[in-house]
Each structure stands twice: as structure tokens, then as C-alpha cells.
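Listing of data_14.cif; format and content: mmCIF, C-alpha atoms (C1' of nucleotides).
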```cif
data_structure
#
loop_
_atom_site.group_PDB
_atom_site.id
_atom_site.type_symbol
_atom_site.label_atom_id
_atom_site.label_comp_id
_atom_site.auth_asym_id
_atom_site.auth_seq_id
_atom_site.Cartn_x
_atom_site.Cartn_y
_atom_site.Cartn_z
ATOM 1 C CA MET A 1 140.089 86.553 81.332
ATOM 2 C CA LEU A 2 140.069 83.306 79.422
ATOM 3 C CA SER A 3 143.191 81.195 79.833
ATOM 4 C CA LYS A 4 145.343 80.251 76.857
ATOM 5 C CA LYS A 5 144.083 76.744 77.457
ATOM 6 C CA ALA A 6 140.505 77.804 76.820
ATOM 7 C CA GLN A 7 141.449 79.791 73.736
ATOM 8 C CA TYR A 8 143.404 76.846 72.353
ATOM 9 C CA ALA A 9 140.532 74.507 73.139
ATOM 10 C CA ILE A 10 138.054 76.619 71.231
ATOM 11 C CA LYS A 11 140.407 77.025 68.286
ATOM 12 C CA ALA A 12 141.065 73.306 68.143
ATOM 13 C CA LEU A 13 137.377 72.498 68.365
ATOM 14 C CA SER A 14 136.503 74.959 65.653
ATOM 15 C CA TYR A 15 139.107 73.297 63.447
ATOM 16 C CA LEU A 16 137.549 69.910 64.151
ATOM 17 C CA SER A 17 134.113 71.345 63.463
ATOM 18 C CA GLU A 18 135.150 72.143 59.910
ATOM 19 C CA ARG A 19 136.054 68.489 59.520
ATOM 20 C CA TYR A 20 133.023 67.065 61.251
ATOM 21 C CA GLU A 21 132.208 63.577 59.974
ATOM 22 C CA GLN A 22 135.301 63.519 57.815
ATOM 23 C CA GLY A 23 137.233 61.083 59.978
ATOM 24 C CA PRO A 24 139.908 61.482 62.664
ATOM 25 C CA VAL A 25 142.330 64.422 62.585
ATOM 26 C CA LEU A 26 145.877 64.226 63.944
ATOM 27 C CA ILE A 27 146.822 66.323 66.975
ATOM 28 C CA GLY A 28 149.899 67.366 65.041
ATOM 29 C CA GLU A 29 147.804 68.756 62.222
ATOM 30 C CA ILE A 30 145.610 70.770 64.559
ATOM 31 C CA ALA A 31 148.644 72.071 66.447
ATOM 32 C CA GLU A 32 150.374 73.154 63.285
ATOM 33 C CA LYS A 33 147.420 74.767 61.569
ATOM 34 C CA GLN A 34 146.235 76.609 64.663
ATOM 35 C CA HIS A 35 149.698 77.428 66.048
ATOM 36 C CA ILE A 36 149.270 75.608 69.333
ATOM 37 C CA PRO A 37 152.181 73.907 71.187
ATOM 38 C CA LEU A 38 151.774 70.218 70.430
ATOM 39 C CA LYS A 39 152.182 68.707 73.884
ATOM 40 C CA PHE A 40 150.039 71.361 75.475
ATOM 41 C CA LEU A 41 147.284 70.677 72.979
ATOM 42 C CA GLU A 42 147.567 66.979 73.761
ATOM 43 C CA ARG A 43 146.599 67.615 77.366
ATOM 44 C CA ILE A 44 143.725 69.873 76.395
ATOM 45 C CA LEU A 45 142.242 67.420 73.930
ATOM 46 C CA LEU A 46 142.544 64.705 76.544
ATOM 47 C CA ASP A 47 140.320 66.709 78.881
ATOM 48 C CA LEU A 48 137.795 67.368 76.135
ATOM 49 C CA ASN A 49 137.820 63.676 75.350
ATOM 50 C CA LYS A 50 137.165 62.690 78.955
ATOM 51 C CA ALA A 51 134.362 65.208 79.119
ATOM 52 C CA GLY A 52 132.727 63.606 76.131
ATOM 53 C CA VAL A 53 133.070 66.449 73.673
ATOM 54 C CA LEU A 54 135.592 64.572 71.579
ATOM 55 C CA ASN A 55 136.228 60.986 70.606
ATOM 56 C CA SER A 56 139.539 59.528 69.567
ATOM 57 C CA LYS A 57 141.021 56.683 67.646
ATOM 58 C CA LYS A 58 144.491 55.294 68.257
ATOM 59 C CA GLY A 59 147.082 53.967 65.861
ATOM 60 C CA LYS A 60 147.470 54.602 62.157
ATOM 61 C CA GLY A 61 144.578 56.516 60.675
ATOM 62 C CA GLY A 62 143.726 57.660 64.172
ATOM 63 C CA GLY A 63 143.228 61.087 65.669
ATOM 64 C CA TYR A 64 140.482 63.168 67.200
ATOM 65 C CA PHE A 65 136.980 63.977 66.013
ATOM 66 C CA LEU A 66 133.913 65.648 67.437
ATOM 67 C CA ALA A 67 131.622 63.349 69.390
ATOM 68 C CA GLY A 68 128.557 65.236 68.184
ATOM 69 C CA PRO A 69 127.555 67.953 65.748
ATOM 70 C CA PRO A 70 129.184 71.377 66.237
ATOM 71 C CA GLU A 71 125.880 72.992 67.182
ATOM 72 C CA SER A 72 125.544 70.623 70.146
ATOM 73 C CA VAL A 73 128.604 72.019 71.932
ATOM 74 C CA SER A 74 128.129 75.365 73.654
ATOM 75 C CA LEU A 75 131.034 77.645 74.495
ATOM 76 C CA ALA A 76 129.935 77.589 78.116
ATOM 77 C CA ARG A 77 130.513 73.858 78.185
ATOM 78 C CA VAL A 78 133.975 74.122 76.688
ATOM 79 C CA ILE A 79 135.052 76.875 79.059
ATOM 80 C CA ARG A 80 133.830 74.934 82.074
ATOM 81 C CA ILE A 81 135.786 71.871 81.022
ATOM 82 C CA VAL A 82 139.096 73.632 80.616
ATOM 83 C CA ASP A 83 138.889 76.697 82.877
ATOM 84 C CA GLY A 84 136.283 75.766 85.450
ATOM 85 C CA PRO A 85 133.698 78.260 86.693
ATOM 86 C CA ILE A 86 132.307 81.000 84.507
ATOM 87 C CA ALA A 87 130.896 83.059 87.376
ATOM 88 C CA LEU A 88 133.050 85.816 88.858
ATOM 89 C CA LEU A 89 132.535 84.614 92.427
ATOM 90 C CA PRO A 90 132.644 81.000 93.654
ATOM 91 C CA CYS A 91 129.510 81.593 95.728
ATOM 92 C CA VAL A 92 127.374 82.269 92.640
ATOM 93 C CA SER A 93 128.753 79.501 90.454
ATOM 94 C CA LEU A 94 126.158 77.016 89.214
ATOM 95 C CA ASN A 95 128.595 74.207 88.461
ATOM 96 C CA PHE A 96 131.482 74.924 90.834
ATOM 97 C CA TYR A 97 129.757 76.423 93.869
ATOM 98 C CA GLN A 98 131.864 77.164 96.928
ATOM 99 C CA LYS A 99 130.787 78.947 100.070
ATOM 100 C CA CYS A 100 132.304 82.355 100.792
ATOM 101 C CA ASP A 101 134.700 82.256 103.743
ATOM 102 C CA ASP A 102 133.579 85.452 105.120
ATOM 103 C CA CYS A 103 130.225 86.770 104.001
ATOM 104 C CA ASP A 104 126.834 85.582 105.042
ATOM 105 C CA GLU A 105 124.831 84.846 101.940
ATOM 106 C CA GLN A 106 121.563 86.070 103.351
ATOM 107 C CA SER A 107 122.706 89.627 103.882
ATOM 108 C CA CYS A 108 125.454 89.877 101.263
ATOM 109 C CA ARG A 109 124.359 92.107 98.409
ATOM 110 C CA LEU A 110 127.322 91.138 96.287
ATOM 111 C CA ASN A 111 126.124 87.696 95.360
ATOM 112 C CA VAL A 112 122.857 89.116 94.043
ATOM 113 C CA VAL A 113 124.659 91.398 91.627
ATOM 114 C CA PHE A 114 127.167 88.781 90.561
ATOM 115 C CA ALA A 115 124.453 86.220 89.998
ATOM 116 C CA ASP A 116 123.023 88.703 87.518
ATOM 117 C CA VAL A 117 126.426 89.047 85.873
ATOM 118 C CA ARG A 118 126.681 85.283 85.630
ATOM 119 C CA ASP A 119 123.251 85.039 84.016
ATOM 120 C CA ALA A 120 124.146 87.749 81.537
ATOM 121 C CA MET A 121 127.312 85.891 80.575
ATOM 122 C CA LEU A 122 125.518 82.578 80.273
ATOM 123 C CA SER A 123 122.762 84.047 78.132
ATOM 124 C CA VAL A 124 125.466 84.445 75.507
ATOM 125 C CA LEU A 125 127.812 81.545 76.237
ATOM 126 C CA GLU A 126 125.114 78.868 76.548
ATOM 127 C CA ASN A 127 123.577 79.889 73.253
ATOM 128 C CA ARG A 128 126.658 80.104 71.091
ATOM 129 C CA THR A 129 128.082 76.864 69.834
ATOM 130 C CA LEU A 130 131.037 75.682 67.814
ATOM 131 C CA ARG A 131 128.863 76.244 64.785
ATOM 132 C CA ASP A 132 128.946 79.994 65.422
ATOM 133 C CA ILE A 133 132.726 80.013 65.321
ATOM 134 C CA MET B 134 137.015 85.163 88.580
ATOM 135 C CA LEU B 135 137.316 88.337 90.608
ATOM 136 C CA SER B 136 140.555 88.673 92.547
ATOM 137 C CA LYS B 137 140.586 89.072 96.319
ATOM 138 C CA LYS B 138 141.761 92.590 95.630
ATOM 139 C CA ALA B 139 138.551 93.405 93.796
ATOM 140 C CA GLN B 140 136.408 91.786 96.450
ATOM 141 C CA TYR B 141 138.218 93.703 99.181
ATOM 142 C CA ALA B 142 137.902 96.929 97.196
ATOM 143 C CA ILE B 143 134.155 96.539 96.860
ATOM 144 C CA LYS B 144 133.753 95.640 100.519
ATOM 145 C CA ALA B 145 135.821 98.615 101.625
ATOM 146 C CA LEU B 146 133.922 100.956 99.340
ATOM 147 C CA SER B 147 130.586 99.691 100.541
ATOM 148 C CA TYR B 148 131.733 100.348 104.087
ATOM 149 C CA LEU B 149 132.719 103.882 103.127
ATOM 150 C CA SER B 150 129.398 104.318 101.363
ATOM 151 C CA GLU B 151 127.575 103.792 104.639
ATOM 152 C CA ARG B 152 129.643 106.641 106.071
ATOM 153 C CA TYR B 153 129.354 108.946 103.103
ATOM 154 C CA GLU B 154 129.682 112.602 104.155
ATOM 155 C CA GLN B 155 130.452 111.624 107.728
ATOM 156 C CA GLY B 156 134.143 112.481 107.602
ATOM 157 C CA PRO B 157 137.310 110.415 107.064
ATOM 158 C CA VAL B 158 137.470 106.782 108.124
ATOM 159 C CA LEU B 159 140.688 105.080 109.217
ATOM 160 C CA ILE B 160 142.159 102.285 107.104
ATOM 161 C CA GLY B 161 142.510 100.310 110.302
ATOM 162 C CA GLU B 162 138.810 100.563 111.035
ATOM 163 C CA ILE B 163 137.836 99.388 107.555
ATOM 164 C CA ALA B 164 140.335 96.542 107.713
ATOM 165 C CA GLU B 165 139.074 95.374 111.071
ATOM 166 C CA LYS B 166 135.366 95.629 110.365
ATOM 167 C CA GLN B 167 135.585 94.008 106.940
ATOM 168 C CA HIS B 168 138.285 91.459 107.825
ATOM 169 C CA ILE B 169 140.827 92.648 105.294
ATOM 170 C CA PRO B 170 144.619 92.467 105.865
ATOM 171 C CA LEU B 171 145.640 96.001 106.787
ATOM 172 C CA LYS B 172 148.663 96.518 104.567
ATOM 173 C CA PHE B 173 146.971 94.881 101.618
ATOM 174 C CA LEU B 174 144.007 97.185 102.012
ATOM 175 C CA GLU B 175 146.386 100.137 102.148
ATOM 176 C CA ARG B 176 147.594 99.387 98.645
ATOM 177 C CA ILE B 177 144.099 98.925 97.324
ATOM 178 C CA LEU B 178 142.811 102.181 98.729
ATOM 179 C CA LEU B 179 145.838 103.938 97.295
ATOM 180 C CA ASP B 180 144.845 102.792 93.817
ATOM 181 C CA LEU B 181 141.255 103.863 94.340
ATOM 182 C CA ASN B 182 142.522 107.206 95.552
ATOM 183 C CA LYS B 183 144.704 107.720 92.482
ATOM 184 C CA ALA B 184 141.809 106.777 90.271
ATOM 185 C CA GLY B 185 139.692 109.465 91.876
ATOM 186 C CA VAL B 186 137.120 107.249 93.542
ATOM 187 C CA LEU B 187 138.382 108.113 97.006
ATOM 188 C CA ASN B 188 139.879 111.123 98.703
ATOM 189 C CA SER B 189 142.120 111.061 101.728
ATOM 190 C CA LYS B 190 143.273 113.206 104.572
ATOM 191 C CA LYS B 191 146.559 112.711 106.412
ATOM 192 C CA GLY B 192 147.434 113.115 110.072
ATOM 193 C CA LYS B 193 145.191 113.041 113.095
ATOM 194 C CA GLY B 194 141.532 113.004 112.213
ATOM 195 C CA GLY B 195 142.502 111.766 108.779
ATOM 196 C CA GLY B 196 141.462 108.731 106.777
ATOM 197 C CA TYR B 197 139.609 107.890 103.590
ATOM 198 C CA PHE B 198 136.234 108.988 102.275
ATOM 199 C CA LEU B 199 134.300 108.675 99.039
ATOM 200 C CA ALA B 200 135.028 111.385 96.494
ATOM 201 C CA GLY B 201 131.438 111.352 95.282
ATOM 202 C CA PRO B 202 128.061 109.866 96.150
ATOM 203 C CA PRO B 203 127.835 106.035 96.213
ATOM 204 C CA GLU B 204 125.496 105.979 93.236
ATOM 205 C CA SER B 205 128.155 107.662 91.079
ATOM 206 C CA VAL B 206 130.581 104.734 91.318
ATOM 207 C CA SER B 207 129.762 101.726 89.153
ATOM 208 C CA LEU B 208 131.089 98.266 89.886
ATOM 209 C CA ALA B 209 132.593 98.184 86.411
ATOM 210 C CA ARG B 210 134.733 101.173 87.306
ATOM 211 C CA VAL B 211 135.956 99.601 90.540
ATOM 212 C CA ILE B 212 136.814 96.297 88.895
ATOM 213 C CA ARG B 213 138.746 98.021 86.120
ATOM 214 C CA ILE B 214 140.797 99.982 88.626
ATOM 215 C CA VAL B 215 141.886 97.006 90.669
ATOM 216 C CA ASP B 216 141.688 94.036 88.284
ATOM 217 C CA GLY B 217 141.999 95.596 84.860
ATOM 218 C CA PRO B 218 139.924 94.394 81.919
ATOM 219 C CA ILE B 219 136.435 93.018 82.327
ATOM 220 C CA ALA B 220 136.323 91.383 78.886
ATOM 221 C CA LEU B 221 137.371 87.746 78.599
ATOM 222 C CA LEU B 222 139.747 88.435 75.707
ATOM 223 C CA PRO B 223 142.214 91.336 75.423
ATOM 224 C CA CYS B 224 141.170 91.908 71.813
ATOM 225 C CA VAL B 225 137.601 92.810 72.792
ATOM 226 C CA SER B 226 138.432 94.967 75.804
ATOM 227 C CA LEU B 227 137.139 98.524 75.599
ATOM 228 C CA ASN B 228 139.564 99.988 78.139
ATOM 229 C CA PHE B 229 142.535 97.646 77.919
ATOM 230 C CA TYR B 230 142.567 96.628 74.281
ATOM 231 C CA GLN B 231 145.437 94.493 73.058
ATOM 232 C CA LYS B 232 145.867 92.915 69.654
ATOM 233 C CA CYS B 233 145.725 89.129 69.439
ATOM 234 C CA ASP B 234 149.127 87.647 68.613
ATOM 235 C CA ASP B 235 147.780 85.156 66.301
ATOM 236 C CA CYS B 236 144.306 85.714 64.929
ATOM 237 C CA ASP B 237 143.250 88.121 62.275
ATOM 238 C CA GLU B 238 140.405 90.203 63.601
ATOM 239 C CA GLN B 239 138.560 90.403 60.317
ATOM 240 C CA SER B 240 137.993 86.694 59.997
ATOM 241 C CA CYS B 241 138.092 85.642 63.651
ATOM 242 C CA ARG B 242 134.632 84.681 64.835
ATOM 243 C CA LEU B 243 135.717 84.499 68.445
ATOM 244 C CA ASN B 244 135.951 88.224 69.041
ATOM 245 C CA VAL B 245 132.377 88.709 67.835
ATOM 246 C CA VAL B 246 131.041 86.283 70.407
ATOM 247 C CA PHE B 247 133.212 87.587 73.199
ATOM 248 C CA ALA B 248 132.288 91.161 72.439
ATOM 249 C CA ASP B 249 128.712 90.066 73.077
ATOM 250 C CA VAL B 250 129.758 88.486 76.349
ATOM 251 C CA ARG B 251 131.513 91.690 77.336
ATOM 252 C CA ASP B 252 128.411 93.748 76.540
ATOM 253 C CA ALA B 253 126.243 91.391 78.555
ATOM 254 C CA MET B 254 128.570 91.725 81.542
ATOM 255 C CA LEU B 255 128.742 95.475 81.238
ATOM 256 C CA SER B 256 124.977 95.826 80.996
ATOM 257 C CA VAL B 257 124.953 94.701 84.598
ATOM 258 C CA LEU B 258 128.250 96.039 85.928
ATOM 259 C CA GLU B 259 127.930 99.546 84.505
ATOM 260 C CA ASN B 260 124.472 99.933 85.965
ATOM 261 C CA ARG B 261 125.073 98.714 89.495
ATOM 262 C CA THR B 262 126.738 101.110 91.861
ATOM 263 C CA LEU B 263 127.991 101.144 95.417
ATOM 264 C CA ARG B 264 124.479 102.173 96.363
ATOM 265 C CA ASP B 265 123.188 98.756 95.302
ATOM 266 C CA ILE B 266 125.594 97.006 97.651
ATOM 267 C "C1'" DT C 267 159.202 123.186 116.838
ATOM 268 C "C1'" DT C 268 158.772 118.718 118.043
ATOM 269 C "C1'" DA C 269 155.992 114.561 118.718
ATOM 270 C "C1'" DT C 270 152.381 112.031 117.030
ATOM 271 C "C1'" DT C 271 149.238 110.429 113.786
ATOM 272 C "C1'" DA C 272 147.945 108.513 109.514
ATOM 273 C "C1'" DG C 273 148.300 108.115 104.633
ATOM 274 C "C1'" DT C 274 152.164 107.314 100.636
ATOM 275 C "C1'" DC C 275 155.289 104.601 98.308
ATOM 276 C "C1'" DT C 276 158.683 100.885 96.968
ATOM 277 C "C1'" DA C 277 160.504 96.593 97.425
ATOM 278 C "C1'" DT C 278 160.042 92.074 98.408
ATOM 279 C "C1'" DC C 279 158.456 87.328 99.620
ATOM 280 C "C1'" DG C 280 155.992 82.945 99.472
ATOM 281 C "C1'" DA C 281 152.414 80.334 97.479
ATOM 282 C "C1'" DA C 282 149.566 79.239 93.912
ATOM 283 C "C1'" DT C 283 148.409 78.928 89.234
ATOM 284 C "C1'" DA C 284 149.355 78.973 84.277
ATOM 285 C "C1'" DA C 285 151.929 77.572 80.391
ATOM 286 C "C1'" DG C 286 154.628 74.453 78.411
ATOM 287 C "C1'" DT C 287 157.884 70.034 78.240
ATOM 288 C "C1'" DA C 288 159.598 65.160 78.679
ATOM 289 C "C1'" DG C 289 159.133 60.593 78.247
ATOM 290 C "C1'" DG C 290 157.200 56.402 78.681
ATOM 291 C "C1'" DA C 291 152.644 53.370 78.620
ATOM 292 C "C1'" DT C 292 148.889 51.727 75.956
ATOM 293 C "C1'" DA C 293 146.142 50.492 72.087
ATOM 294 C "C1'" DA C 294 145.242 49.899 67.153
ATOM 295 C "C1'" DT C 295 146.938 49.126 62.617
ATOM 296 C "C1'" DT C 296 150.034 47.112 59.090
ATOM 297 C "C1'" DA D 297 156.740 42.418 65.518
ATOM 298 C "C1'" DA D 298 157.028 47.108 63.979
ATOM 299 C "C1'" DT D 299 154.840 51.264 63.544
ATOM 300 C "C1'" DT D 300 151.650 54.815 64.508
ATOM 301 C "C1'" DA D 301 149.241 57.786 67.459
ATOM 302 C "C1'" DT D 302 146.723 58.657 71.589
ATOM 303 C "C1'" DC D 303 147.014 58.216 76.876
ATOM 304 C "C1'" DC D 304 148.967 59.439 81.143
ATOM 305 C "C1'" DT D 305 152.051 61.201 84.864
ATOM 306 C "C1'" DA D 306 155.419 63.990 86.388
ATOM 307 C "C1'" DC D 307 157.945 67.883 85.999
ATOM 308 C "C1'" DT D 308 159.868 72.601 84.940
ATOM 309 C "C1'" DT D 309 159.508 77.401 84.355
ATOM 310 C "C1'" DA D 310 157.282 81.838 84.371
ATOM 311 C "C1'" DT D 311 153.911 84.733 85.969
ATOM 312 C "C1'" DT D 312 150.452 86.388 88.937
ATOM 313 C "C1'" DC D 313 148.255 86.756 93.491
ATOM 314 C "C1'" DG D 314 148.021 87.705 98.151
ATOM 315 C "C1'" DA D 315 150.346 89.582 101.708
ATOM 316 C "C1'" DT D 316 154.111 92.027 104.465
ATOM 317 C "C1'" DA D 317 158.046 95.238 105.789
ATOM 318 C "C1'" DG D 318 159.755 99.445 106.373
ATOM 319 C "C1'" DA D 319 160.979 103.937 105.306
ATOM 320 C "C1'" DC D 320 158.880 108.572 103.707
ATOM 321 C "C1'" DT D 321 155.662 112.520 103.716
ATOM 322 C "C1'" DA D 322 152.072 115.512 105.225
ATOM 323 C "C1'" DA D 323 148.935 117.243 108.728
ATOM 324 C "C1'" DT D 324 147.648 118.147 113.315
ATOM 325 C "C1'" DA D 325 148.393 119.094 118.265
ATOM 326 C "C1'" DA D 326 151.211 119.894 122.408
#
```

For the file at hand, write its structure as C-alpha cells.
Amino acid sequence: MLSKKAQYAIKALSYLSERYEQGPVLIGEIAEKQHIPLKFLERILLDLNKAGVLNSKKGKGGGYFLAGPPESVSLARVIRIVDGPIALLPCVSLNFYQKCDDCDEQSCRLNVVFADVRDAMLSVLENRTLRDI
Amino acid sequence: MLSKKAQYAIKALSYLSERYEQGPVLIGEIAEKQHIPLKFLERILLDLNKAGVLNSKKGKGGGYFLAGPPESVSLARVIRIVDGPIALLPCVSLNFYQKCDDCDEQSCRLNVVFADVRDAMLSVLENRTLRDI
DNA sequence: TTATTAGTCTATCGAATAAGTAGGATAATT
DNA sequence: AATTATCCTACTTATTCGATAGACTAATAA
């Protein structure tokens, strides 16, 4: 399941996509229009900023705006930033790989199957962008 | 991410698959061989029993055994029993559907994308069985 | 019929994670 | 200097996860 954080992130980004190249948008406006708790959204946007998806401007007339065109940001990228791995097992994650405690990866049949699941998920998530939402 | 519960369930079932039609197997034996906490495994097998994947026999000579052949049990079925929904959003779950609090499903573009993700996942998980593991 | 064996069931506990909040620091305008 | 708005850290609260305890029930064997 996606976390609330990820859902909020996608909603916020889709809102900013509609206003791409129309100047900075206030956190407060995004929070209100998309029904997201303000302070929670603050933290989320901060992460997206650090990851380079968003840029910001401080002070009056400031706010957040997309760093690039909506079609350049895949959903896979957003989910990884806020939720971490997309794969169902750490041992088949491309970006957050972690060794299994207890199974030997040569003989384990599980990782083969779940690598296929991961690829199936990514075939959708890597190819859908903010533009599609 | 899959829960430990789901991982344990699959491991236990794969162990029972190797002993299909060879009589009941003790929880204790499964727990020991697959390195699963005994009492935790007890609860998991209980759920799989209730769901009809396993059958059990009490008393001496008792234990658990698969209710049907390994190839009749898909991974999707196992995951749903122990972890619940496979979909990433409740509003696109086939077996555990729940309405979104806050988005109208006519206009929401998210559910379209995540229904595709769900289908991609299921195309693998519905077609791999205990036999493949 | 009694003892033993092994699954059934409920309650609970501690730790980790998720969701949300508070409040000040920092930077850019006016 | 005052104001505006993001940046950052720490915290609180609620929920879920992983695991355990202990009593109950059914089946077998002595």
C-alpha cells in the first residue's frame, strides 16, 4: 500500500503541474485545495525539493514550483523519494537493495518471482508521469 | 513491501509443498527448518487453514498439510490471506475495495494508473504458484 | 478413562513506523 | 526593520507489526 505521504505528494505535484511555469505556489494554497494537513505537506515538499523534483522561492511572492516539465517526473521517482523501495522484498529492490537475513539468493526461488513482480510494477510506474495525472 | 507474515507463510507453504501427500507435518518441524518463530507461525497457519489452503489433524500423528496440489495455490491468494490487499490504493483493490475519503473516482486520474499497476502485479502473482517456489 | 499429543483461540506486549504538530531559524522581499 | 514564506528539528500520538503467553479443544494411545 502507498502511504498517505505518497498520495499527498502525488496530489500536490499534480496541482503544481497544472501551474507549471506560472510562478511559485504557496504551500498553504496547495494544502487547502488538495485537503492536505499544512505542516505535513511542508515536510513532504521539503523532501521533493531536496530530491530535485521541486524548486522553491522564499519570502513574499515565494512558494514551490516544478523543477522540470510534468512529463519528466515519473511516478516511480516520486514514490521512491517519499516511500522508499517499490519492490515487495528488499532483496529485489533496484534502488534500496538489502540482503535477506535468512535465504541464500542462489537457491531462493522467491526472489526470482518477486523480481518479476517488481519489473511488472515498474513497467507502469516508470512510464507514467505527472502529465498523466 | 511484503510483511514477515507473508514471507513466513510462503516459506511454510513451500515446505509443505515438498511433502505434499506425505501426511501431516508438525508446526514445530516447519518452524525449525524454516527458522520461523513457533508461536507466530501457529497463527499464520491458522489463517491459512481457515482460508482453506491448508488442512490439519490434531493429536498424535497430527500436523498440517496442503489442502490441494501446490500448483493450485497462487501467490496472490496467499498474500491476500495474510497481508490483505495487493493493490497500492484501497480504491483500486479487487478484493478489499474501499472508497477514497477525498477523491471523486470519476475525475481522479490516480486510480486509473494504479489499477494498471495492480493488473501488472497480478499478471505475475496470479500465475505463479507454490509449485514455482 | 486417563494421559499425552498437537492444533485452536484470545489476549497482550514491545518496538517500529506512520501521521501529524509545534515552534523557531533562515532567507528574500518590501 | 518588518514582513513573508520556506527550512529544519524535535516531538507527540496512533496504528501496525512481530512476537509471546497461556488456557482450551480434539484426537490418539496406554

### Check: which chain B residues lie within 7 Å of chain C using all atoms listed in the file, as a PyMOL selection string
chain B and resi 191-193+195

Please put the answer as JSON: centre and edge lengths, in Å with one decimal, of a box along x, y and z that encloses all listed atoms of range 301-314 of chain D plus 4 Å on each side.
```
{"center_x": 153.3, "center_y": 72.7, "center_z": 82.8, "size_x": 21.1, "size_y": 37.9, "size_z": 38.7}
```

Under the rule of at most 7 Å, produce a per-residue listing of chain B near chain A: chain, number, name, the closest pair of atoms, and the distance in Å, as a tab-separated table, using only C-alpha atoms.
```
residue	atom	partner	partner_atom	distance
B:Met134	CA	A:Leu88	CA	4.0
B:Leu135	CA	A:Leu88	CA	5.3
B:Ala220	CA	A:Met1	CA	6.6
B:Leu221	CA	A:Met1	CA	4.0
B:Leu222	CA	A:Met1	CA	5.9
B:Arg242	CA	A:Ile133	CA	5.1
B:Leu243	CA	A:Ile133	CA	6.2
B:Asp249	CA	A:Val124	CA	6.9
B:Val250	CA	A:Met121	CA	5.5
B:Ala253	CA	A:Ala120	CA	5.2
B:Met254	CA	A:Val117	CA	5.5
B:Val257	CA	A:Val117	CA	6.0
B:Ile266	CA	A:Arg109	CA	5.1
```

### Message
Please compute the CA of Leu94 in chain A-CA of Leu54 in chain A distance, one decimal, in Å.
### Response
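Between CA of Leu94 in chain A and CA of Leu54 in chain A the gap is 23.6 Å.
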
### Message
Which residues, named as in the file, does the PyMOL selection byres ((chain D) within 7 of (chain A)) pick out? Answer as number ranges by chain.
### Response
D: 300-302

### Task
On this file, the PyMOL selection byres ((chain A and resi 71) around 12) gives some set of residues; write that set as a VMD selection string.
chain A and resid 13 to 14 17 to 18 20 53 66 to 70 72 to 75 77 126 to 133

### Task
Could you check how far CA of Lys183 in chain B sits from C1' of DA317 in chain D, in Å to one decimal?
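A separation of 22.6 Å between them.
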
### Task
Enter the distance from CA of Leu174 in chain B to CA of Val158 in chain B, in Å, rounded to one decimal.
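That distance, rounded to one decimal, is 13.1 Å.
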
Serialized range 146-200 of chain B w/ C-alpha atoms as a PDB file, in the first residue's frame:
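Ended up saving to decode-v2.pdb:
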```pdb
ATOM      1  CA  LEU B 146       3.779 -23.455   2.320  1.00  0.00           C
ATOM      2  CA  SER B 147       6.727 -24.221   0.109  1.00  0.00           C
ATOM      3  CA  TYR B 148       7.989 -26.577   2.787  1.00  0.00           C
ATOM      4  CA  LEU B 149       4.605 -28.285   2.898  1.00  0.00           C
ATOM      5  CA  SER B 150       4.577 -28.451  -0.884  1.00  0.00           C
ATOM      6  CA  GLU B 151       7.682 -30.616  -0.824  1.00  0.00           C
ATOM      7  CA  ARG B 152       5.788 -33.001   1.450  1.00  0.00           C
ATOM      8  CA  TYR B 153       2.524 -32.926  -0.433  1.00  0.00           C
ATOM      9  CA  GLU B 154       0.558 -36.159   0.079  1.00  0.00           C
ATOM     10  CA  GLN B 155       3.098 -37.443   2.572  1.00  0.00           C
ATOM     11  CA  GLY B 156       0.940 -36.944   5.650  1.00  0.00           C
ATOM     12  CA  PRO B 157       0.725 -34.203   8.300  1.00  0.00           C
ATOM     13  CA  VAL B 158       3.772 -32.160   9.242  1.00  0.00           C
ATOM     14  CA  LEU B 159       4.288 -30.682  12.706  1.00  0.00           C
ATOM     15  CA  ILE B 160       4.290 -26.910  13.169  1.00  0.00           C
ATOM     16  CA  GLY B 161       7.446 -27.352  15.193  1.00  0.00           C
ATOM     17  CA  GLU B 162       9.227 -29.040  12.317  1.00  0.00           C
ATOM     18  CA  ILE B 163       8.286 -26.298   9.861  1.00  0.00           C
ATOM     19  CA  ALA B 164       9.297 -23.607  12.332  1.00  0.00           C
ATOM     20  CA  GLU B 165      12.658 -25.194  12.971  1.00  0.00           C
ATOM     21  CA  LYS B 166      13.560 -25.994   9.384  1.00  0.00           C
ATOM     22  CA  GLN B 167      12.470 -22.621   8.026  1.00  0.00           C
ATOM     23  CA  HIS B 168      13.644 -20.542  11.005  1.00  0.00           C
ATOM     24  CA  ILE B 169      10.254 -19.119  11.881  1.00  0.00           C
ATOM     25  CA  PRO B 170       9.187 -18.266  15.469  1.00  0.00           C
ATOM     26  CA  LEU B 171       6.941 -21.133  16.530  1.00  0.00           C
ATOM     27  CA  LYS B 172       4.003 -19.276  18.030  1.00  0.00           C
ATOM     28  CA  PHE B 173       3.992 -16.728  15.247  1.00  0.00           C
ATOM     29  CA  LEU B 174       3.876 -19.498  12.684  1.00  0.00           C
ATOM     30  CA  GLU B 175       0.992 -21.065  14.586  1.00  0.00           C
ATOM     31  CA  ARG B 176      -1.137 -18.001  13.980  1.00  0.00           C
ATOM     32  CA  ILE B 177      -0.214 -17.834  10.334  1.00  0.00           C
ATOM     33  CA  LEU B 178      -1.037 -21.452   9.648  1.00  0.00           C
ATOM     34  CA  LEU B 179      -4.336 -20.988  11.438  1.00  0.00           C
ATOM     35  CA  ASP B 180      -5.287 -18.272   8.964  1.00  0.00           C
ATOM     36  CA  LEU B 181      -4.235 -20.397   6.017  1.00  0.00           C
ATOM     37  CA  ASN B 182      -6.272 -23.235   7.449  1.00  0.00           C
ATOM     38  CA  LYS B 183      -9.388 -21.086   7.803  1.00  0.00           C
ATOM     39  CA  ALA B 184      -8.928 -19.845   4.281  1.00  0.00           C
ATOM     40  CA  GLY B 185      -8.907 -23.407   3.016  1.00  0.00           C
ATOM     41  CA  VAL B 186      -5.339 -23.550   1.769  1.00  0.00           C
ATOM     42  CA  LEU B 187      -4.315 -25.974   4.493  1.00  0.00           C
ATOM     43  CA  ASN B 188      -5.923 -28.803   6.387  1.00  0.00           C
ATOM     44  CA  SER B 189      -4.937 -30.000   9.818  1.00  0.00           C
ATOM     45  CA  LYS B 190      -5.116 -33.007  12.042  1.00  0.00           C
ATOM     46  CA  LYS B 191      -4.988 -32.856  15.836  1.00  0.00           C
ATOM     47  CA  GLY B 192      -3.373 -35.174  18.354  1.00  0.00           C
ATOM     48  CA  LYS B 193      -0.560 -37.632  17.890  1.00  0.00           C
ATOM     49  CA  GLY B 194       0.411 -38.095  14.283  1.00  0.00           C
ATOM     50  CA  GLY B 195      -1.249 -34.783  13.543  1.00  0.00           C
ATOM     51  CA  GLY B 196       0.004 -31.618  11.898  1.00  0.00           C
ATOM     52  CA  TYR B 197      -0.627 -29.549   8.796  1.00  0.00           C
ATOM     53  CA  PHE B 198      -0.806 -30.492   5.135  1.00  0.00           C
ATOM     54  CA  LEU B 199      -1.792 -28.804   1.897  1.00  0.00           C
ATOM     55  CA  ALA B 200      -5.484 -28.998   1.072  1.00  0.00           C
TER      56      ALA B 200
END
```
